[in-house]
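Undergrad: Quick one, entry-v5.cif (mmCIF, C-alpha atoms; chains and numbers go by the auth columns):
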data_data
#
loop_
_atom_site.group_PDB
_atom_site.id
_atom_site.type_symbol
_atom_site.label_atom_id
_atom_site.label_comp_id
_atom_site.label_asym_id
_atom_site.label_seq_id
_atom_site.Cartn_x
_atom_site.Cartn_y
_atom_site.Cartn_z
_atom_site.B_iso_or_equiv
_atom_site.auth_seq_id
_atom_site.auth_asym_id
ATOM 1 C CA MET A 1 2.373 56.620 -48.208 0.00 62 A
ATOM 2 C CA LYS A 2 4.063 59.815 -47.122 0.00 63 A
ATOM 3 C CA SER A 3 2.087 63.059 -47.287 0.00 64 A
ATOM 4 C CA LEU A 4 3.636 65.702 -49.472 0.00 65 A
ATOM 5 C CA THR A 5 3.004 69.393 -49.122 0.00 66 A
ATOM 6 C CA ARG A 6 6.341 70.739 -50.367 0.00 67 A
ATOM 7 C CA LEU A 7 9.049 69.242 -52.551 0.00 68 A
ATOM 8 C CA THR A 8 11.505 70.109 -49.776 0.00 69 A
ATOM 9 C CA ASP A 9 9.667 67.564 -47.567 0.00 70 A
ATOM 10 C CA LEU A 10 11.345 64.803 -49.601 0.00 71 A
ATOM 11 C CA THR A 11 14.890 63.523 -49.348 0.00 72 A
ATOM 12 C CA THR A 12 17.155 63.384 -52.391 0.00 73 A
ATOM 13 C CA ASP A 13 16.677 59.598 -52.544 0.00 74 A
ATOM 14 C CA GLU A 14 12.879 59.974 -52.413 0.00 75 A
ATOM 15 C CA ILE A 15 12.950 62.525 -55.252 0.00 76 A
ATOM 16 C CA SER A 16 15.164 60.230 -57.314 0.00 77 A
ATOM 17 C CA SER A 17 12.825 57.290 -56.691 0.00 78 A
ATOM 18 C CA LEU A 18 9.807 59.406 -57.625 0.00 79 A
ATOM 19 C CA LEU A 19 11.446 60.476 -60.898 0.00 80 A
ATOM 20 C CA ASP A 20 12.306 56.846 -61.672 0.00 81 A
ATOM 21 C CA GLN A 21 8.627 55.951 -61.195 0.00 82 A
ATOM 22 C CA VAL A 22 7.622 58.817 -63.498 0.00 83 A
ATOM 23 C CA ASP A 23 9.982 57.494 -66.191 0.00 84 A
ATOM 24 C CA GLU A 24 8.511 53.991 -65.812 0.00 85 A
ATOM 25 C CA LEU A 25 4.920 55.234 -66.049 0.00 86 A
ATOM 26 C CA ARG A 26 5.753 57.370 -69.094 0.00 87 A
ATOM 27 C CA ALA A 27 7.265 54.359 -70.854 0.00 88 A
ATOM 28 C CA ARG A 28 4.222 52.249 -69.962 0.00 89 A
ATOM 29 C CA TRP A 29 1.872 55.021 -71.186 0.00 90 A
ATOM 30 C CA ILE A 30 3.648 55.092 -74.543 0.00 91 A
ATOM 31 C CA ALA A 31 3.545 51.290 -74.757 0.00 92 A
ATOM 32 C CA GLY A 32 -0.160 51.243 -73.844 0.00 93 A
ATOM 33 C CA SER A 33 0.454 49.040 -70.825 0.00 94 A
ATOM 34 C CA MET A 34 -0.425 51.147 -67.802 0.00 95 A
ATOM 35 C CA PRO A 35 -0.627 49.211 -64.522 0.00 96 A
ATOM 36 C CA GLN A 36 -4.222 48.501 -63.533 0.00 97 A
ATOM 37 C CA SER A 37 -3.680 49.369 -59.869 0.00 98 A
ATOM 38 C CA LEU A 38 -6.814 51.542 -59.669 0.00 99 A
ATOM 39 C CA VAL A 39 -9.357 49.030 -61.042 0.00 100 A
ATOM 40 C CA ARG A 40 -12.758 49.396 -59.334 0.00 101 A
ATOM 41 C CA LYS A 41 -11.447 52.163 -57.091 0.00 102 A
ATOM 42 C CA PRO A 42 -13.158 55.534 -56.859 0.00 103 A
ATOM 43 C CA PHE A 43 -11.086 58.521 -57.945 0.00 104 A
ATOM 44 C CA VAL A 44 -12.645 61.905 -57.274 0.00 105 A
ATOM 45 C CA HIS A 45 -10.862 65.027 -58.362 0.00 106 A
ATOM 46 C CA TRP A 46 -11.562 68.678 -57.849 0.00 107 A
ATOM 47 C CA PHE A 47 -9.688 71.560 -59.423 0.00 108 A
ATOM 48 C CA SER A 48 -10.501 75.170 -58.791 0.00 109 A
ATOM 49 C CA GLY A 49 -10.170 77.773 -61.488 0.00 110 A
ATOM 50 C CA ASN A 50 -9.251 77.122 -65.094 0.00 111 A
ATOM 51 C CA SER A 51 -6.898 74.155 -64.746 0.00 112 A
ATOM 52 C CA PHE A 52 -8.279 72.252 -67.733 0.00 113 A
ATOM 53 C CA ARG A 53 -4.964 70.619 -68.752 0.00 114 A
ATOM 54 C CA ASN A 54 -4.220 69.378 -65.222 0.00 115 A
ATOM 55 C CA ARG A 55 -7.771 68.132 -64.794 0.00 116 A
ATOM 56 C CA LEU A 56 -7.680 66.277 -68.098 0.00 117 A
ATOM 57 C CA ALA A 57 -4.233 64.778 -67.421 0.00 118 A
ATOM 58 C CA PHE A 58 -5.306 63.452 -64.009 0.00 119 A
ATOM 59 C CA GLU A 59 -8.542 62.051 -65.417 0.00 120 A
ATOM 60 C CA LEU A 60 -6.872 60.337 -68.379 0.00 121 A
ATOM 61 C CA GLY A 61 -4.153 58.896 -66.165 0.00 122 A
ATOM 62 C CA ALA A 62 -6.582 57.556 -63.575 0.00 123 A
ATOM 63 C CA ARG A 63 -8.885 56.053 -66.241 0.00 124 A
ATOM 64 C CA SER A 64 -5.931 54.417 -67.992 0.00 125 A
ATOM 65 C CA MET A 65 -5.128 52.707 -64.682 0.00 126 A
ATOM 66 C CA GLY A 66 -8.703 51.427 -64.338 0.00 127 A
ATOM 67 C CA ALA A 67 -10.170 53.963 -61.900 0.00 128 A
ATOM 68 C CA ASP A 68 -13.817 54.973 -61.744 0.00 129 A
ATOM 69 C CA VAL A 69 -13.375 58.724 -62.191 0.00 130 A
ATOM 70 C CA SER A 70 -15.706 61.446 -60.971 0.00 131 A
ATOM 71 C CA TYR A 71 -15.143 65.159 -61.339 0.00 132 A
ATOM 72 C CA VAL A 72 -16.480 67.670 -58.831 0.00 133 A
ATOM 73 C CA PRO A 73 -16.902 71.115 -60.417 0.00 134 A
ATOM 74 C CA SER A 74 -15.245 73.998 -58.589 0.00 135 A
ATOM 75 C CA GLU A 75 -18.562 75.839 -58.533 0.00 136 A
ATOM 76 C CA LEU A 76 -20.853 73.434 -56.699 0.00 137 A
ATOM 77 C CA GLY A 77 -23.968 75.527 -57.299 0.00 138 A
ATOM 78 C CA ALA A 78 -25.189 74.758 -53.807 0.00 139 A
ATOM 79 C CA PRO A 79 -25.170 76.704 -50.537 0.00 140 A
ATOM 80 C CA GLU A 80 -22.970 74.041 -48.929 0.00 141 A
ATOM 81 C CA PRO A 81 -19.415 75.287 -48.271 0.00 142 A
ATOM 82 C CA VAL A 82 -16.608 73.384 -49.977 0.00 143 A
ATOM 83 C CA GLU A 83 -15.314 72.336 -46.535 0.00 144 A
ATOM 84 C CA GLY A 84 -18.567 70.403 -46.055 0.00 145 A
ATOM 85 C CA VAL A 85 -18.057 68.243 -49.142 0.00 146 A
ATOM 86 C CA ASP A 86 -16.408 64.925 -48.341 0.00 147 A
ATOM 87 C CA LEU A 87 -14.127 63.688 -51.133 0.00 148 A
ATOM 88 C CA MET A 88 -12.375 60.361 -51.280 0.00 149 A
ATOM 89 C CA CYS A 89 -9.339 59.724 -53.429 0.00 150 A
ATOM 90 C CA VAL A 90 -7.900 56.232 -53.270 0.00 151 A
ATOM 91 C CA VAL A 91 -4.420 55.750 -54.671 0.00 152 A
ATOM 92 C CA GLU A 92 -2.287 52.877 -53.504 0.00 153 A
#
Output the file's structure as structure tokens, nothing else.
TA:
Amino acid sequence: MKSLTRLTDLTTDEISSLLDQVDELRARWIAGSMPQSLVRKPFVHWFSGNSFRNRLAFELGARSMGADVSYVPSELGAPEPVEGVDLMCVVE
């Protein structure tokens, strides 16, 4: 899978393919038939600030695809710096 840091990193064909996949997933969400490609896979997400809607959308999407979801709060409440926290997100 290609890493993405900016939309301009993608070609026009890659953007078109990505939007086609979004349309397919939306249709499957509405039909209640999300692909179970994340079954028994850990999915850890961390959002800083007040991004409640994004956090909820990611969590609902991952759970609907069978993932085991864990949320890491932005305020860890520990002296360990965020850089020292190892997170694993598996999406295939």
Undergrad: I'd like the interatomic distance between atom CA of Trp90 of chain A and atom CA of Ala118 of chain A, to a tenth of an Å.
TA: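 So the answer is 12.1 Å.
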Undergrad: Assuming the chain letters and numbering stay as they are in my file, what does the PyMOL selection byres ((chain A and resi 130) around 12) actually select? List them as a PyMOL selection string.
TA: chain A and resi 99-107+116-117+119-129+131-133+149-151
Undergrad: What is the distance, in Å and to one decimal place, between atom CA of Phe108 of chain A and atom CA of Pro134 of chain A?
TA: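 Those two atoms sit 7.3 Å apart.
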Undergrad: Could you check how far atom CA of Leu71 of chain A sits from atom CA of Asn115 of chain A, in Å to one decimal?
TA: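 Separating atom CA of Leu71 of chain A from atom CA of Asn115 of chain A is a distance of 22.5 Å.
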